[in-house]
Amino acid sequence: MVNKIFTIAAFIGVPVSIIGTLLHWSSIVMFVIYCLTIIALSSFMGRATESLAIVAGPRIGGLLNATFGNAVELIIAIFALREGLTEVVLASLTGSVLGNLLLVAGLSFFIGGLKYKRQQFNVFDARHNSGLLIFAVIVAFVIPEVFTMNMNEGKTLSLSIGIAIILILLYLAALFFKLVTHRGVYQVEKNGETGHEHEETPEWSVKKSITILAIATLAVAYVSENLVHTFEVVAESFGWSELFIGIIIVAIVGNAAEHASAAVMAYKNRMDIAVEIAIGSTLQIAMFVAPLLVLISLFFPSGMSLVFTLPELISMATAVLLMVSISNDGETNWFEGATLLAAYAIMGIGFYLL
């Protein structure tokens, strides 16, 4: 039923987006249409990556979900950079970190916990990811803030470029570690079994999934480009700051596919994939997407430094520490999910009132 609604929304939303753009409809109306269309298209991307995940296994499946989920946000961010909206881009990166660690993970733990009293996932992966999270967010994002206090704009950008290159190299090394050199080394048994779960049949074939992913990504790119042009008018009309638009609106719209996929996986008790989507996506944002955007910004008139505001930094650091403390035991329940959601709500109110 839900898939049918998203399918109808996508097939209506794309042509309406094109027509509305050509006829110059109201920016506020188009903002709503663009957002709903991107969410509908994201559901296709989520279903396609879920089909690929069943074939590829939980780790690669989680990575695919995170990658294509973040592809939407990366596309939106590139168009925003081209328009010189660096504050919106930095805010959307913050929103992604908060959204994945608190909203996506919280929703997954909560929904899964309502069905199962106790859910388990690979504790070794959780601890490995915890170290990377602390490095990627607390070390790599806080260091530029501290060191650039007495730097000019040129030196700040140079430092950001250096950190960006290091982050990308370490992210690639982390993938190599997890998928090649130490693949299968840290396996845990679940409920006395070998961790083997019941066989699932993918909704679509590999070829069909890849085709749908490609078409949906192109459609998202078109809609995202036009969505960026509505930000200024929407901000003025509703009294929203660029910070709020980036952290809440762009992040939720851009991560819609991950929200849906992670919640579905948790409901099916496939927590390894649900956690990999939430935490893996955060790591990909912090260690690959953010530094990649720094390098891409060099091709535009205004370069983007990896320097966040103090509320953004404190919020991200708090989200990381909360997630690390909750996930390090390899188990979760609905109350831990509610705790993460409550933290997201508190931060959301704070950013709205800024």
# chains A, B, ... in the order shown; residues from 1 in each chain; ligands from 1
>>> residues_around(residues="Gly337 (chain A)", least_positions_apart="5", cutoff="7 Å", atoms="only C-alpha atoms", output="ChimeraX atom specification")
/A:105-107,109-110
>>> select_by_dssp(residues="region 180-315 of chain A", states="helix (DSSP H, G or I)", output="PyMOL selection string")
chain A and resi 180-181+206-228+231-238+242-254+256-267+271-299+310-315
>>> select_by_dssp(residues="region 121-333 of chain A", states="strand (DSSP E or B)", output="ChimeraX atom specification")
/A:190,193,331-332
>>> atom_distance(atom1="CA of Ala221 (chain A)", atom2="CA of Ser305 (chain A)")
24.0 Å
>>> residues_around(residues="region 242-254 of chain A", least_positions_apart="2", cutoff="8 Å", atoms="only C-alpha atoms", output="PyMOL selection string")
chain A and resi 35+38-39+69-70+72-73+76+87-96+99+231+235+240+256-257+348+351-352
>>> residues_around(residues="Ala136 (chain A)", least_positions_apart="4", cutoff="10 Å", atoms="only C-alpha atoms", output="list in words")
Ser130, Gly131, Leu132, Ala140, Phe141, Val142, Leu167, Leu170, Tyr171, Thr282, Leu283, Gln284, Ile285, Ala286, Met287, Phe288 and Val320 of chain A
>>> closest_residue(among="A:Ser241, A:Thr339, A:Thr318, A:Asn328", to="Asn122 (chain A)", atoms="only C-alpha atoms")
A:Asn328
>>> closest_residue(among="A:Trp204, A:Phe335, A:Phe79, A:Phe135", to="Ala53 (chain A)", atoms="only C-alpha atoms")
A:Trp204
>>> atom_distance(atom1="CA of Gly330 (chain A)", atom2="CA of Phe121 (chain A)")
5.2 Å
>>> residues_around(residues="Gly154 (chain A)", least_positions_apart="5", cutoff="12 Å", atoms="only C-alpha atoms", output="list in words")
Thr148, Leu159, Ser160, Ile161, Leu298, Ser302, Gly303, Met304 and Ser305 of chain A
>>> write_last_selection(atoms="all heavy atoms", output="mmCIF file, in the first residue's frame")
data_model
loop_
_atom_site.group_PDB
_atom_site.id
_atom_site.type_symbol
_atom_site.label_atom_id
_atom_site.label_comp_id
_atom_site.auth_asym_id
_atom_site.auth_seq_id
_atom_site.Cartn_x
_atom_site.Cartn_y
_atom_site.Cartn_z
ATOM 1 N N THR A 148 41.313 27.438 13.294
ATOM 2 C CA THR A 148 41.037 28.551 12.374
ATOM 3 C C THR A 148 40.610 29.832 13.087
ATOM 4 O O THR A 148 40.302 30.823 12.430
ATOM 5 C CB THR A 148 39.932 28.161 11.364
ATOM 6 O OG1 THR A 148 38.759 27.743 12.085
ATOM 7 C CG2 THR A 148 40.400 27.039 10.463
ATOM 8 N N LEU A 159 43.563 24.527 5.222
ATOM 9 C CA LEU A 159 43.437 23.512 6.280
ATOM 10 C C LEU A 159 42.290 22.561 5.975
ATOM 11 O O LEU A 159 42.423 21.330 6.132
ATOM 12 C CB LEU A 159 43.211 24.193 7.637
ATOM 13 C CG LEU A 159 42.984 23.252 8.835
ATOM 14 C CD1 LEU A 159 44.223 22.421 9.124
ATOM 15 C CD2 LEU A 159 42.573 24.042 10.075
ATOM 16 N N SER A 160 41.164 23.117 5.521
ATOM 17 C CA SER A 160 39.987 22.304 5.195
ATOM 18 C C SER A 160 40.289 21.321 4.071
ATOM 19 O O SER A 160 39.848 20.168 4.104
ATOM 20 C CB SER A 160 38.814 23.202 4.798
ATOM 21 O OG SER A 160 38.447 24.047 5.863
ATOM 22 N N ILE A 161 41.045 21.774 3.061
ATOM 23 C CA ILE A 161 41.424 20.892 1.942
ATOM 24 C C ILE A 161 42.305 19.745 2.444
ATOM 25 O O ILE A 161 42.098 18.570 2.075
ATOM 26 C CB ILE A 161 42.154 21.697 0.839
ATOM 27 C CG1 ILE A 161 41.196 22.684 0.177
ATOM 28 C CG2 ILE A 161 42.755 20.762 -0.207
ATOM 29 C CD1 ILE A 161 41.864 23.728 -0.695
ATOM 30 N N LEU A 298 35.892 24.114 -4.758
ATOM 31 C CA LEU A 298 37.030 24.833 -5.352
ATOM 32 C C LEU A 298 36.764 25.207 -6.812
ATOM 33 O O LEU A 298 37.400 26.107 -7.356
ATOM 34 C CB LEU A 298 38.305 23.973 -5.265
ATOM 35 C CG LEU A 298 38.761 23.575 -3.847
ATOM 36 C CD1 LEU A 298 39.969 22.657 -3.916
ATOM 37 C CD2 LEU A 298 39.067 24.814 -3.019
ATOM 38 N N SER A 302 32.877 30.631 -4.707
ATOM 39 C CA SER A 302 33.170 30.685 -3.262
ATOM 40 C C SER A 302 33.448 29.283 -2.722
ATOM 41 O O SER A 302 32.589 28.404 -2.799
ATOM 42 C CB SER A 302 31.990 31.303 -2.502
ATOM 43 O OG SER A 302 30.796 30.619 -2.792
ATOM 44 N N GLY A 303 34.677 29.082 -2.201
ATOM 45 C CA GLY A 303 35.054 27.791 -1.643
ATOM 46 C C GLY A 303 34.395 27.571 -0.289
ATOM 47 O O GLY A 303 34.071 28.522 0.428
ATOM 48 N N MET A 304 34.182 26.301 0.065
ATOM 49 C CA MET A 304 33.543 25.970 1.338
ATOM 50 C C MET A 304 34.567 25.396 2.310
ATOM 51 O O MET A 304 35.186 24.370 2.031
ATOM 52 C CB MET A 304 32.417 24.957 1.136
ATOM 53 C CG MET A 304 31.637 24.646 2.414
ATOM 54 S SD MET A 304 30.381 23.366 2.188
ATOM 55 C CE MET A 304 31.387 21.885 2.345
ATOM 56 N N SER A 305 34.771 26.069 3.438
ATOM 57 C CA SER A 305 35.670 25.560 4.474
ATOM 58 C C SER A 305 34.909 24.607 5.387
ATOM 59 O O SER A 305 33.690 24.722 5.544
ATOM 60 C CB SER A 305 36.238 26.715 5.305
ATOM 61 O OG SER A 305 36.996 27.582 4.486
#
>>> closest_residue(among="A:Ala266, A:Met316, A:Ile60, A:Ile277", to="Gln120 (chain A)", atoms="only C-alpha atoms")
A:Ala266
>>> residues_around(residues="Met30 (chain A)", least_positions_apart="4", cutoff="12 Å", atoms="only C-alpha atoms", output="tab-separated table (two decimals) with C-alpha atoms, in the first residue's frame")
chain	number	residue	atom	x	y	z
A	13	GLY	CA	5.38	14.56	-8.99
A	14	VAL	CA	8.02	14.48	-11.73
A	16	VAL	CA	4.14	18.33	-12.24
A	17	SER	CA	7.61	19.51	-11.15
A	18	ILE	CA	8.58	20.05	-14.78
A	19	ILE	CA	5.32	21.83	-15.64
A	20	GLY	CA	5.43	24.01	-12.52
A	21	THR	CA	9.04	25.01	-13.24
A	22	LEU	CA	8.28	25.95	-16.85
A	23	LEU	CA	5.14	27.91	-15.89
A	24	HIS	CA	6.89	29.63	-12.92
A	25	TRP	CA	4.41	28.58	-10.25
A	26	SER	CA	4.69	29.99	-6.70
A	34	TYR	CA	9.80	19.28	-5.09
A	35	CYS	CA	10.18	17.91	-1.54
A	36	LEU	CA	7.36	15.37	-1.93
A	37	THR	CA	8.68	14.30	-5.34
A	38	ILE	CA	12.20	13.75	-3.98
A	223	VAL	CA	14.19	18.27	-9.08
A	224	SER	CA	16.98	19.12	-6.60
A	226	ASN	CA	15.04	23.56	-8.89
A	227	LEU	CA	14.44	22.96	-5.17
A	228	VAL	CA	17.57	24.96	-4.31
A	229	HIS	CA	16.17	28.03	-6.11
A	230	THR	CA	13.14	28.09	-3.76
A	231	PHE	CA	15.12	28.24	-0.49
A	233	VAL	CA	11.74	32.75	-0.88
A	234	VAL	CA	10.61	29.98	1.51
>>> closest_residue(among="A:Gly113, A:Met149, A:Thr217, A:Leu103", to="Ala343 (chain A)", atoms="only C-alpha atoms")
A:Leu103
>>> closest_atom_pairs(of="region 288-333 of chain A", to="region 267-270 of chain A", cutoff="12 Å", atoms="only C-alpha atoms", output="CSV")
residue,atom,partner,partner_atom,distance
A:Glu331,CA,A:Asn269,CA,11.8
A:Thr332,CA,A:Asn269,CA,11.2
A:Asn333,CA,A:Asn269,CA,11.5
>>> write_last_selection(atoms="all heavy atoms", output="tab-separated table (two decimals), in the first residue's frame")
chain	number	residue	atom	x	y	z
A	331	GLU	N	23.19	-4.27	21.52
A	331	GLU	CA	21.77	-4.55	21.74
A	331	GLU	C	20.98	-3.25	21.79
A	331	GLU	O	21.54	-2.19	22.11
A	331	GLU	CB	21.56	-5.28	23.07
A	331	GLU	CG	22.11	-6.68	23.10
A	331	GLU	CD	21.82	-7.38	24.42
A	331	GLU	OE1	21.04	-6.83	25.25
A	331	GLU	OE2	22.35	-8.47	24.62
A	332	THR	N	19.71	-3.34	21.49
A	332	THR	CA	18.88	-2.14	21.58
A	332	THR	C	17.44	-2.51	21.90
A	332	THR	O	17.04	-3.68	21.83
A	332	THR	CB	18.95	-1.34	20.27
A	332	THR	OG1	18.29	-0.10	20.46
A	332	THR	CG2	18.29	-2.10	19.13
A	333	ASN	N	16.64	-1.50	22.25
A	333	ASN	CA	15.23	-1.69	22.57
A	333	ASN	C	14.47	-0.40	22.26
A	333	ASN	O	15.09	0.60	21.89
A	333	ASN	CB	15.06	-2.08	24.05
A	333	ASN	CG	15.79	-1.11	24.97
A	333	ASN	OD1	15.47	0.08	25.02
A	333	ASN	ND2	16.79	-1.61	25.68
